[in-house]
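Trainee: Here it is, the structure, as structure tokens.
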Amino acid sequence: MVWGCMSACGMGSLHIWKGTINAERYIQVLEQHMLPSRHRLFQGRSCIFQHDNARPHTASITTSWLRRRRIRVLKWPACSPDLSLIENIWRIIKRKIRQRRPKTVEQLEACIRQEWDNIPIPKLEQLV
């Protein structure tokens, strides 16, 4: 599984792990990766968090966690990945990885991290 966040200001944290995700694990990812990225990218300025309607994202413990931290979440129509900014980033990364043809899981992870780090800010500004 791969989780990442981004804004027009820059790329946030990228987190890769083995296995699936549930609401508890998703909250850990938000605590360890989204919150520090949000702080670094926005430095206290207002922002809106966007995620899709996957079950871990909409679970009551997740929505309560977000509400307690006063994180504004974009209301999101079901089944609409075409509206997701991050899906455009994943598409770019997937295309570049196919060209590189990693042969092992370790090579794949390294490729994902390298391509993530190489997304230029003008591309992010264009997407947002």
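Residues in the structure tokens are named by chain (A, B, ... in the order shown) and by number from 1 within that chain; ligands are numbered from 1 in the order shown.
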I'd like a table as a Markdown table: residues in region 23-44 of chain A with an atom no more than 12 Å from region 71-85 of chain A, each row giving the shortest atom pair and its distance in Å to one decimal, only C-alpha atoms counted, sorted by chain and rising residue number.
Mentor:
| residue | atom | partner | partner_atom | distance |
| --- | --- | --- | --- | --- |
| A:Leu30 | CA | A:Ile71 | CA | 11.0 |
| A:Glu31 | CA | A:Ile71 | CA | 11.9 |
| A:Met34 | CA | A:Ile71 | CA | 10.8 |
| A:Leu35 | CA | A:Ile71 | CA | 9.7 |
| A:Arg38 | CA | A:Ile71 | CA | 10.2 |
| A:His39 | CA | A:Ile71 | CA | 11.9 |
| A:Gly44 | CA | A:Ile71 | CA | 11.8 |
Trainee: Limited to all heavy atoms, could you put the picked residues into a file as a JSON list (two decimals), in the first residue's frame?
Mentor:
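Result file selection32.json:
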[["chain", "number", "residue", "atom", "x", "y", "z"],
["A", 30, "LEU", "N", -2.20, 9.25, 9.13],
["A", 30, "LEU", "CA", -2.50, 10.68, 9.18],
["A", 30, "LEU", "C", -1.67, 11.38, 10.26],
["A", 30, "LEU", "O", -1.12, 12.46, 10.03],
["A", 30, "LEU", "CB", -3.99, 10.90, 9.43],
["A", 30, "LEU", "CG", -4.95, 10.42, 8.34],
["A", 30, "LEU", "CD1", -6.40, 10.65, 8.77],
["A", 30, "LEU", "CD2", -4.65, 11.08, 7.01],
["A", 31, "GLU", "N", -1.58, 10.75, 11.43],
["A", 31, "GLU", "CA", -0.80, 11.34, 12.53],
["A", 31, "GLU", "C", 0.68, 11.46, 12.18],
["A", 31, "GLU", "O", 1.31, 12.48, 12.44],
["A", 31, "GLU", "CB", -0.96, 10.51, 13.80],
["A", 31, "GLU", "CG", -2.31, 10.65, 14.45],
["A", 31, "GLU", "CD", -2.51, 9.73, 15.64],
["A", 31, "GLU", "OE1", -1.80, 8.69, 15.74],
["A", 31, "GLU", "OE2", -3.39, 10.03, 16.46],
["A", 34, "MET", "N", 0.46, 12.86, 7.46],
["A", 34, "MET", "CA", -0.32, 14.00, 7.00],
["A", 34, "MET", "C", -0.10, 15.23, 7.88],
["A", 34, "MET", "O", 0.14, 16.32, 7.36],
["A", 34, "MET", "CB", -1.81, 13.64, 6.93],
["A", 34, "MET", "CG", -2.68, 14.75, 6.30],
["A", 34, "MET", "SD", -3.26, 16.00, 7.46],
["A", 34, "MET", "CE", -4.55, 15.12, 8.31],
["A", 35, "LEU", "N", -0.19, 15.07, 9.19],
["A", 35, "LEU", "CA", -0.05, 16.24, 10.06],
["A", 35, "LEU", "C", 1.30, 16.94, 9.89],
["A", 35, "LEU", "O", 1.34, 18.17, 9.73],
["A", 35, "LEU", "CB", -0.29, 15.85, 11.53],
["A", 35, "LEU", "CG", -1.73, 15.49, 11.90],
["A", 35, "LEU", "CD1", -1.80, 15.10, 13.37],
["A", 35, "LEU", "CD2", -2.69, 16.62, 11.58],
["A", 38, "ARG", "N", 1.29, 18.64, 6.47],
["A", 38, "ARG", "CA", 0.40, 19.82, 6.51],
["A", 38, "ARG", "C", 1.10, 21.00, 7.18],
["A", 38, "ARG", "O", 1.05, 22.12, 6.68],
["A", 38, "ARG", "CB", -0.87, 19.42, 7.26],
["A", 38, "ARG", "CG", -1.89, 20.50, 7.39],
["A", 38, "ARG", "CD", -3.11, 19.93, 8.11],
["A", 38, "ARG", "NE", -4.07, 20.95, 8.35],
["A", 38, "ARG", "CZ", -4.63, 21.17, 9.53],
["A", 38, "ARG", "NH1", -4.33, 20.41, 10.56],
["A", 38, "ARG", "NH2", -5.50, 22.12, 9.68],
["A", 39, "HIS", "N", 1.76, 20.72, 8.27],
["A", 39, "HIS", "CA", 2.48, 21.78, 8.97],
["A", 39, "HIS", "C", 3.60, 22.35, 8.10],
["A", 39, "HIS", "O", 3.75, 23.57, 7.98],
["A", 39, "HIS", "CB", 3.05, 21.25, 10.29],
["A", 39, "HIS", "CG", 3.83, 22.27, 11.05],
["A", 39, "HIS", "ND1", 3.25, 23.33, 11.70],
["A", 39, "HIS", "CD2", 5.17, 22.40, 11.21],
["A", 39, "HIS", "CE1", 4.20, 24.07, 12.24],
["A", 39, "HIS", "NE2", 5.37, 23.53, 11.97],
["A", 44, "GLY", "N", 0.67, 26.64, 9.17],
["A", 44, "GLY", "CA", -0.40, 27.25, 9.95],
["A", 44, "GLY", "C", -1.50, 27.88, 9.11],
["A", 44, "GLY", "O", -2.54, 28.25, 9.66]]
Trainee: Which one of A:His15, A:Pro56, A:Cys9, A:Val29 sits closest to Gln43 (chain A) if you count only C-alpha atoms?
Mentor: A:Cys9
Trainee: Hey, what does DSSP flag as helix (DSSP H, G or I) within chain A? Can you give it to me as a VMD selection string?
Mentor: chain A and resid 23 to 42 55 to 58 60 to 68 81 to 83 85 to 100 105 to 117 121 to 127
Trainee: Select, from A:Val128, A:Cys111, A:Ile97, A:Ile61, the residue with the minimum atom-to-atom distance to Glu24 (chain A), counting only C-alpha atoms.
Mentor: A:Ile61
Trainee: If DSSP is run on the backbone, what residues of chain A are strand (DSSP E or B)? A reply as a VMD selection string would be ideal.
Mentor: chain A and resid 2 to 7 10 to 16 49 73
Trainee: Taking all heavy atoms for each residue, export the selection above as a short mmCIF file (atom, residue, chain, number, x, y, z; two decimals), in the first residue's frame.
Mentor:
data_model
loop_
_atom_site.label_atom_id
_atom_site.label_comp_id
_atom_site.auth_asym_id
_atom_site.auth_seq_id
_atom_site.Cartn_x
_atom_site.Cartn_y
_atom_site.Cartn_z
N VAL A 2 0.41 2.27 -0.66
CA VAL A 2 1.14 3.53 -0.74
C VAL A 2 0.19 4.66 -0.39
O VAL A 2 -0.95 4.70 -0.87
CB VAL A 2 1.72 3.75 -2.15
CG1 VAL A 2 2.48 5.06 -2.22
CG2 VAL A 2 2.59 2.59 -2.57
N TRP A 3 0.63 5.56 0.47
CA TRP A 3 -0.13 6.74 0.84
C TRP A 3 0.77 7.95 0.64
O TRP A 3 1.96 7.91 0.99
CB TRP A 3 -0.59 6.68 2.30
CG TRP A 3 -1.40 7.87 2.72
CD1 TRP A 3 -2.75 7.98 2.70
CD2 TRP A 3 -0.91 9.13 3.20
NE1 TRP A 3 -3.13 9.23 3.12
CE2 TRP A 3 -2.01 9.95 3.44
CE3 TRP A 3 0.36 9.65 3.43
CZ2 TRP A 3 -1.89 11.25 3.92
CZ3 TRP A 3 0.48 10.94 3.89
CH2 TRP A 3 -0.64 11.73 4.14
N GLY A 4 0.22 9.01 0.10
CA GLY A 4 0.98 10.24 -0.04
C GLY A 4 0.06 11.43 -0.05
O GLY A 4 -1.15 11.30 -0.27
N CYS A 5 0.62 12.60 0.22
CA CYS A 5 -0.17 13.83 0.17
C CYS A 5 0.62 14.89 -0.59
O CYS A 5 1.84 14.83 -0.67
CB CYS A 5 -0.57 14.30 1.55
SG CYS A 5 0.80 14.73 2.64
N MET A 6 -0.13 15.84 -1.15
CA MET A 6 0.48 16.89 -1.95
C MET A 6 -0.40 18.12 -1.92
O MET A 6 -1.55 18.05 -1.52
CB MET A 6 0.70 16.43 -3.39
CG MET A 6 -0.49 15.77 -4.07
SD MET A 6 -1.83 16.82 -4.66
CE MET A 6 -1.06 17.69 -5.98
N SER A 7 0.19 19.24 -2.32
CA SER A 7 -0.56 20.49 -2.49
C SER A 7 0.14 21.28 -3.59
O SER A 7 1.18 20.85 -4.11
CB SER A 7 -0.56 21.29 -1.18
OG SER A 7 0.67 21.95 -1.00
N GLY A 10 3.83 21.93 -2.70
CA GLY A 10 4.87 20.92 -2.76
C GLY A 10 4.35 19.54 -2.40
O GLY A 10 3.18 19.36 -2.05
N MET A 11 5.24 18.59 -2.51
CA MET A 11 4.90 17.22 -2.18
C MET A 11 5.03 17.01 -0.68
O MET A 11 6.00 17.47 -0.06
CB MET A 11 5.83 16.25 -2.91
CG MET A 11 5.73 16.32 -4.43
SD MET A 11 4.09 15.93 -5.06
CE MET A 11 4.13 14.15 -4.95
N GLY A 12 4.07 16.31 -0.12
CA GLY A 12 4.12 15.95 1.29
C GLY A 12 4.79 14.60 1.45
O GLY A 12 5.49 14.10 0.57
N SER A 13 4.51 14.01 2.57
CA SER A 13 5.10 12.73 2.94
C SER A 13 4.57 11.61 2.07
O SER A 13 3.44 11.65 1.58
CB SER A 13 4.78 12.46 4.41
OG SER A 13 5.33 11.25 4.84
N LEU A 14 5.40 10.60 1.90
CA LEU A 14 5.03 9.37 1.20
C LEU A 14 5.25 8.23 2.18
O LEU A 14 6.29 8.16 2.84
CB LEU A 14 5.91 9.17 -0.04
CG LEU A 14 5.65 7.92 -0.85
CD1 LEU A 14 4.33 8.05 -1.61
CD2 LEU A 14 6.78 7.67 -1.83
N HIS A 15 4.27 7.35 2.28
CA HIS A 15 4.38 6.22 3.20
C HIS A 15 4.03 4.94 2.46
O HIS A 15 3.00 4.86 1.80
CB HIS A 15 3.44 6.42 4.39
CG HIS A 15 3.51 5.33 5.40
ND1 HIS A 15 4.67 4.98 6.05
CD2 HIS A 15 2.57 4.49 5.87
CE1 HIS A 15 4.44 3.99 6.88
NE2 HIS A 15 3.16 3.67 6.79
N ILE A 16 4.91 3.93 2.55
CA ILE A 16 4.70 2.65 1.89
C ILE A 16 4.75 1.57 2.97
O ILE A 16 5.63 1.57 3.83
CB ILE A 16 5.80 2.39 0.83
CG1 ILE A 16 5.80 3.51 -0.22
CG2 ILE A 16 5.63 1.02 0.19
CD1 ILE A 16 6.95 3.44 -1.21
N PHE A 49 -8.39 19.27 3.53
CA PHE A 49 -7.88 17.93 3.31
C PHE A 49 -8.83 17.18 2.38
O PHE A 49 -10.05 17.25 2.54
CB PHE A 49 -7.74 17.21 4.65
CG PHE A 49 -7.19 15.82 4.55
CD1 PHE A 49 -5.92 15.59 4.05
CD2 PHE A 49 -7.93 14.73 4.99
CE1 PHE A 49 -5.39 14.30 3.97
CE2 PHE A 49 -7.42 13.45 4.92
CZ PHE A 49 -6.15 13.24 4.41
N VAL A 73 -12.39 18.86 5.79
CA VAL A 73 -12.34 17.81 4.77
C VAL A 73 -13.28 18.19 3.64
O VAL A 73 -14.42 18.57 3.87
CB VAL A 73 -12.73 16.44 5.37
CG1 VAL A 73 -12.73 15.36 4.31
CG2 VAL A 73 -11.80 16.07 6.52
#
Trainee: So which residues touch region 123-127 of chain A within 6 Å, counting only C-alpha atoms, skipping near sequence neighbours fewer than 2 positions away, as a list in words?
Mentor: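 Neighbouring residues, sequence-local ones excluded: Ala8, Pro120 and Ile121 of chain A.
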Trainee: Could you pull the residues within 12 Å of Val105 (chain A), counting only C-alpha atoms, minus those fewer than 4 positions along the same chain, as a compact mmCIF listing (two decimals) with C-alpha atoms, in the first residue's frame?
Mentor:
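Contents of result.txt, freshly written:
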# COMPACT_ATOMS: atom_id res chain seq x y z
CA MET A 1 0.00 0.00 0.00
CA ILE A 16 4.70 2.65 1.89
CA TRP A 17 3.79 -0.46 3.86
CA LYS A 18 2.89 -4.09 3.34
CA ARG A 101 10.73 -1.70 -15.12
CA GLU A 109 9.65 1.04 -3.68
CA ALA A 110 12.84 2.94 -4.57
CA CYS A 111 11.36 3.94 -7.93
CA ILE A 112 8.14 5.17 -6.30
Trainee: Measuring between only C-alpha atoms, which one of A:Ser46, A:Pro36, A:Ala23, A:Lys94 shows the shortest distance to Thr63 (chain A)?
Mentor: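 That would be A:Ala23, the residue with the smallest distance to Thr63 (chain A).
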Trainee: Would you work out the distance separating CA of Asn88 (chain A) from CA of Gln114 (chain A), expressed in Å to one decimal?
Mentor: 16.7 Å
Trainee: Suppose you want the space between CA of Lys96 (chain A) and CA of Glu115 (chain A); what is it in Å?
Mentor: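 If I compute the distance from CA of Lys96 (chain A) to CA of Glu115 (chain A), I get 7.4 Å.
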Trainee: What does the distance from CA of Arg68 (chain A) to CA of Gln28 (chain A) come to in Å, to one decimal?
Mentor: 14.8 Å
Trainee: Let me make sure I understand: among A:Leu41, A:Ile48, A:Leu108, A:Ala54, which one has the smallest atom-to-atom distance to Ile21 (chain A) if we use only C-alpha atoms?
Mentor: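 Looking only at the distances to Ile21 (chain A), the closest residue turns out to be A:Ala54.
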